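Here the structure comes first, spelled out in structure tokens, and everything after it is commentary.
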Amino acid sequence: MAKIRYILAPIMFGLAPLPATAQTQPLGADLQRFDYPYPVKWFESRSPDVPVRMAYLDIAPTTTANGRVAVLLHGKNFCAATWGDTARALAARGYRVIAPDQVGFCKSSKPGGFQYTIAGLATLTRDLLDSIGVVRPVLVGHSTGGLIAMRYALLYPKEVASLVLVNPLGLNDTLTEGVPYAPLGALLAEEAKTDAASIKAYQMRNYYHGTWQTRYDRWVMMLAGQYASPHGDTVRTAQARLSEMIETQPVAAEIPRITVPTTLIIGQADKTAFRASSAPADRRDQILTVPQAAEMAVKRFPNARLIRLAGLGHAPQVEAPARFQDTVLQVLDTR
């Protein structure tokens with residue numbers, strides 16, 4: 001596949017002019033024109049109802065194999081490709097690394113009749129792993145991927161060696177904290193306004209605490225390139241349904257049932273509080289950010305510890321790859 005070229009606006013501090021959808025390179029609703037750091041493989045679901053196709057990376061150890069498998073689960077505004085640096089570091093330590101694109105995201109299919117649930121995505125991930133002979137992996141879940149990892153551990157506790165949750169969503173129930181429920185129509189209306197400028201502004205504010213680096217642009221254009229594609233409405237519909245799934249299916253109430261060893265790695269500068277901006281002004285302070293939710297949640301896990309990454313935001317694997325990799329490897333070595 002030919003390398004694509006990214007059309008980027010000048011990078012400036014704050015909310016300066018940003019690339020608009022019209023300037024964005026269309027990459028295809030399934031990222032057909034976006035290269036991943038490793039060869040993409042495919043898993044066809046055995047479900048007879050709505051057949052789905054999952055893209056995934058399967059990276060072999062680049063040193064003596066240690067017999068362990070790390071499964072990297074991406075977040076809502078990320079893809080398997082975002083794990084490239086982390087996968088490389090784990091493979092160099094002897095891990096086999098699996099990084100799927102969840103259904104509805106990135107290179108995987110986005111079927112209109114698919115029922116988006118956290119349990120459904122966790123089950124599809126388990127089916128994928130079973131099909132390639134993966135037994136009792138470590139699940140490393142970031143953001144929405146952390147929510148999926150926790151549901152996986154609830155559904156299949158004997159099939160998970162441990163959890164590593166990186167700034168996960170779902171540790172708190174934002175609806176009970178004051179975020180109003182957004183029906184699908186409202187979420188679709190919001191998705192209609194999404195472009196490179198809005199993606200970058202959101203990530204700068206919530207993920208990277210007001211500081212932007214040019215290397216983040218690749219990931220903005222990856223997302224924006226899907227929206228700007230001829231079948232961009234398919235992406236918008238899938239993303240709206242995924243947002244509805246996240247807002248209505250937290251695992252907060254079930255945390256005491258997650259018995260597998262768990263480590264929470266939390267960038268302390270993360271301002272993410274899912275859909276908090278839609279709450280009434282006098283309730284927004286009651287919506288917990290991810291770091292706040294993690295401080296409360298870690299006490300409710302039967303077997304968990306919390307690692308705080310000072311000065312890092314929602315995506316430490318992107319913001320400070322070397323520091324994040326050292327942290328993850330230390331966690332895995334001791335677990």
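By convention here, the chains of the structure tokens are called A, B, ... in the order presented, each chain's residues are numbered starting at 1, and ligands are numbered starting at 1 in the order presented.
All residues within stretch 222-281 of chain A that the backbone DSSP calculation assigns to alpha helix (DSSP H) are Met222, Leu223, Ala224, Gly225, Gln226, Tyr227, Gly232, Asp233, Thr234, Val235, Arg236, Thr237, Ala238, Gln239, Ala240, Arg241, Leu242, Ser243, Glu244, Met245, Ile246, Glu247 and Thr248 of chain A.
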Go ahead and save the picked residues with N, CA and C atoms, as a compact mmCIF listing (two decimals), in the first residue's frame.
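Dumped to result.txt:
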```txt
# COMPACT_ATOMS: atom_id res chain seq x y z
N MET A 222 -5.74 10.85 10.92
CA MET A 222 -6.27 9.49 10.79
C MET A 222 -7.78 9.48 11.04
N LEU A 223 -8.20 10.15 12.10
CA LEU A 223 -9.63 10.20 12.41
C LEU A 223 -10.39 11.07 11.42
N ALA A 224 -9.86 12.26 11.17
CA ALA A 224 -10.54 13.19 10.28
C ALA A 224 -10.64 12.63 8.87
N GLY A 225 -9.64 11.84 8.46
CA GLY A 225 -9.65 11.25 7.13
C GLY A 225 -10.77 10.26 6.92
N GLN A 226 -11.24 9.65 8.01
CA GLN A 226 -12.41 8.77 7.90
C GLN A 226 -13.67 9.60 7.68
N TYR A 227 -13.85 10.63 8.48
CA TYR A 227 -15.03 11.48 8.37
C TYR A 227 -15.12 12.14 7.00
N GLY A 232 -18.32 8.77 4.76
CA GLY A 232 -18.11 9.31 6.09
C GLY A 232 -19.33 9.19 7.00
N ASP A 233 -20.53 9.17 6.42
CA ASP A 233 -21.73 9.02 7.25
C ASP A 233 -21.75 7.68 7.96
N THR A 234 -21.16 6.66 7.35
CA THR A 234 -21.07 5.36 8.02
C THR A 234 -20.23 5.48 9.28
N VAL A 235 -19.16 6.25 9.19
CA VAL A 235 -18.29 6.47 10.35
C VAL A 235 -19.04 7.26 11.42
N ARG A 236 -19.74 8.31 11.01
CA ARG A 236 -20.45 9.15 11.96
C ARG A 236 -21.52 8.34 12.70
N THR A 237 -22.24 7.50 11.99
CA THR A 237 -23.27 6.68 12.63
C THR A 237 -22.65 5.71 13.62
N ALA A 238 -21.56 5.05 13.21
CA ALA A 238 -20.89 4.12 14.12
C ALA A 238 -20.39 4.84 15.36
N GLN A 239 -19.79 6.02 15.19
CA GLN A 239 -19.24 6.74 16.33
C GLN A 239 -20.35 7.22 17.28
N ALA A 240 -21.49 7.61 16.73
CA ALA A 240 -22.61 8.01 17.58
C ALA A 240 -23.10 6.83 18.41
N ARG A 241 -23.20 5.67 17.78
CA ARG A 241 -23.65 4.48 18.50
C ARG A 241 -22.63 4.07 19.56
N LEU A 242 -21.36 4.25 19.25
CA LEU A 242 -20.32 3.93 20.22
C LEU A 242 -20.39 4.89 21.42
N SER A 243 -20.66 6.16 21.17
CA SER A 243 -20.80 7.11 22.27
C SER A 243 -21.98 6.74 23.16
N GLU A 244 -23.08 6.34 22.55
CA GLU A 244 -24.23 5.91 23.34
C GLU A 244 -23.87 4.69 24.19
N MET A 245 -23.09 3.79 23.64
CA MET A 245 -22.64 2.60 24.36
C MET A 245 -21.80 3.00 25.57
N ILE A 246 -20.88 3.93 25.40
CA ILE A 246 -20.00 4.34 26.48
C ILE A 246 -20.78 5.03 27.60
N GLU A 247 -21.72 5.90 27.21
CA GLU A 247 -22.43 6.67 28.24
C GLU A 247 -23.40 5.81 29.04
N THR A 248 -23.88 4.71 28.47
CA THR A 248 -24.90 3.92 29.16
C THR A 248 -24.39 2.60 29.73
```
Would you mind reading off the distance between atom CA of A:Gln330 and atom CA of A:Thr123, one decimal, in Å?
->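 So the answer is 28.5 Å.
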Enter the distance from atom CA of A:Leu171 to atom CA of A:Ala252, in Å, rounded to one decimal.
->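 For atom CA of A:Leu171 relative to atom CA of A:Ala252, the distance reads 4.7 Å.
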Residue neighbourhood A:Pro316, 10 Å, only C-alpha atoms, exclusion window fewer than 2 positions, as a VMD selection string = chain A and resid 142 166 to 167 207 to 208 265 to 270 309 311 to 314 318 to 325
DSSP-assigned strand (DSSP E) members of stretch 84-170 of chain A, reported as a PyMOL selection string = chain A and resi 96-100+138-142+162-166
Polymer residues at most 12 Å from A:Phe43, only C-alpha atoms, same-chain spacing of 3 or more positions, as a VMD selection string | chain A and resid 40 46 to 47 51 to 58 100 to 103 107 to 109 124 to 132
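Comparing the minimum interatomic distances between A:Leu175 and each of A:Ala29, A:Ala304, A:Phe274, A:Pro39, counting only C-alpha atoms, we find that A:Phe274 sits nearest.
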One-decimal distance in Å that lies between atom CA of A:Ala196 and atom CA of A:Gln23 |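 Separation between atom CA of A:Gln23 and atom CA of A:Ala196: 8.8 Å.
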Contact residues around A:Arg136 with only C-alpha atoms at 12 Å, ignoring same-chain residues under 5 positions, as an mmCIF file with N, CA, C and O atoms, in the first residue's frame:
```cif
data_model
loop_
_atom_site.group_PDB
_atom_site.id
_atom_site.type_symbol
_atom_site.label_atom_id
_atom_site.label_comp_id
_atom_site.auth_asym_id
_atom_site.auth_seq_id
_atom_site.Cartn_x
_atom_site.Cartn_y
_atom_site.Cartn_z
ATOM 1 N N GLY A 67 6.722 -16.429 26.197
ATOM 2 C CA GLY A 67 5.532 -17.259 26.323
ATOM 3 C C GLY A 67 4.287 -16.496 26.724
ATOM 4 O O GLY A 67 3.231 -17.109 26.927
ATOM 5 N N ARG A 68 4.362 -15.173 26.817
ATOM 6 C CA ARG A 68 3.221 -14.369 27.247
ATOM 7 C C ARG A 68 2.682 -13.549 26.075
ATOM 8 O O ARG A 68 3.408 -13.236 25.132
ATOM 9 N N VAL A 69 1.391 -13.208 26.169
ATOM 10 C CA VAL A 69 0.727 -12.428 25.125
ATOM 11 C C VAL A 69 0.131 -11.173 25.752
ATOM 12 O O VAL A 69 -0.563 -11.246 26.774
ATOM 13 N N ALA A 70 0.397 -10.039 25.139
ATOM 14 C CA ALA A 70 -0.213 -8.772 25.546
ATOM 15 C C ALA A 70 -1.195 -8.338 24.467
ATOM 16 O O ALA A 70 -0.833 -8.266 23.289
ATOM 17 N N VAL A 71 -2.429 -8.097 24.861
ATOM 18 C CA VAL A 71 -3.472 -7.646 23.939
ATOM 19 C C VAL A 71 -3.725 -6.172 24.216
ATOM 20 O O VAL A 71 -4.087 -5.789 25.333
ATOM 21 N N ARG A 126 -12.648 -11.699 22.411
ATOM 22 C CA ARG A 126 -12.358 -13.054 22.907
ATOM 23 C C ARG A 126 -12.422 -14.067 21.773
ATOM 24 O O ARG A 126 -11.582 -14.982 21.682
ATOM 25 N N LEU A 129 -9.236 -13.807 19.725
ATOM 26 C CA LEU A 129 -8.091 -14.413 20.403
ATOM 27 C C LEU A 129 -8.170 -15.936 20.384
ATOM 28 O O LEU A 129 -7.159 -16.620 20.183
ATOM 29 N N ASP A 130 -9.358 -16.458 20.564
ATOM 30 C CA ASP A 130 -9.542 -17.912 20.519
ATOM 31 C C ASP A 130 -9.180 -18.458 19.142
ATOM 32 O O ASP A 130 -8.578 -19.523 19.022
ATOM 33 N N TYR A 152 -14.491 -7.647 29.621
ATOM 34 C CA TYR A 152 -13.913 -8.939 29.244
ATOM 35 C C TYR A 152 -13.572 -9.736 30.508
ATOM 36 O O TYR A 152 -13.892 -10.927 30.616
ATOM 37 N N ALA A 153 -12.935 -9.077 31.478
ATOM 38 C CA ALA A 153 -12.543 -9.757 32.710
ATOM 39 C C ALA A 153 -13.756 -10.176 33.534
ATOM 40 O O ALA A 153 -13.703 -11.182 34.261
ATOM 41 N N TYR A 156 -15.162 -13.250 31.343
ATOM 42 C CA TYR A 156 -14.271 -14.406 31.200
ATOM 43 C C TYR A 156 -13.112 -14.310 32.196
ATOM 44 O O TYR A 156 -11.943 -14.234 31.813
ATOM 45 N N PRO A 157 -13.399 -14.315 33.490
ATOM 46 C CA PRO A 157 -12.346 -14.064 34.486
ATOM 47 C C PRO A 157 -11.216 -15.086 34.468
ATOM 48 O O PRO A 157 -10.077 -14.743 34.780
ATOM 49 N N LYS A 158 -11.509 -16.324 34.087
ATOM 50 C CA LYS A 158 -10.475 -17.357 34.076
ATOM 51 C C LYS A 158 -9.614 -17.299 32.816
ATOM 52 O O LYS A 158 -8.633 -18.037 32.710
ATOM 53 N N GLU A 159 -9.980 -16.419 31.886
ATOM 54 C CA GLU A 159 -9.262 -16.337 30.617
ATOM 55 C C GLU A 159 -8.384 -15.093 30.520
ATOM 56 O O GLU A 159 -7.892 -14.765 29.448
ATOM 57 N N VAL A 160 -8.199 -14.413 31.638
ATOM 58 C CA VAL A 160 -7.381 -13.201 31.661
ATOM 59 C C VAL A 160 -6.289 -13.349 32.713
ATOM 60 O O VAL A 160 -6.577 -13.673 33.871
ATOM 61 N N ALA A 161 -5.031 -13.114 32.320
ATOM 62 C CA ALA A 161 -3.939 -13.193 33.283
ATOM 63 C C ALA A 161 -3.941 -11.968 34.194
ATOM 64 O O ALA A 161 -3.791 -12.088 35.419
ATOM 65 N N SER A 162 -4.103 -10.786 33.625
ATOM 66 C CA SER A 162 -4.155 -9.550 34.403
ATOM 67 C C SER A 162 -4.659 -8.427 33.520
ATOM 68 O O SER A 162 -4.725 -8.558 32.291
ATOM 69 N N LEU A 163 -5.010 -7.316 34.150
ATOM 70 C CA LEU A 163 -5.468 -6.117 33.449
ATOM 71 C C LEU A 163 -4.491 -4.979 33.702
ATOM 72 O O LEU A 163 -4.028 -4.784 34.826
ATOM 73 N N VAL A 260 -9.375 -10.323 38.753
ATOM 74 C CA VAL A 260 -8.033 -10.529 38.202
ATOM 75 C C VAL A 260 -7.123 -9.398 38.665
ATOM 76 O O VAL A 260 -7.580 -8.282 38.930
#
```
Measuring atom to atom with only C-alpha atoms, identify which of A:His231, A:Lys76, A:Arg275, A:Arg257 is nearest to A:Gly145.
->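 Smallest distance to A:Gly145 is found for A:Lys76.
Nearest-residue note for A:Thr82: choosing from A:Val50, A:Ala310, A:Ile59, A:Cys106, the minimum distance belongs to A:Cys106, counting only C-alpha atoms.
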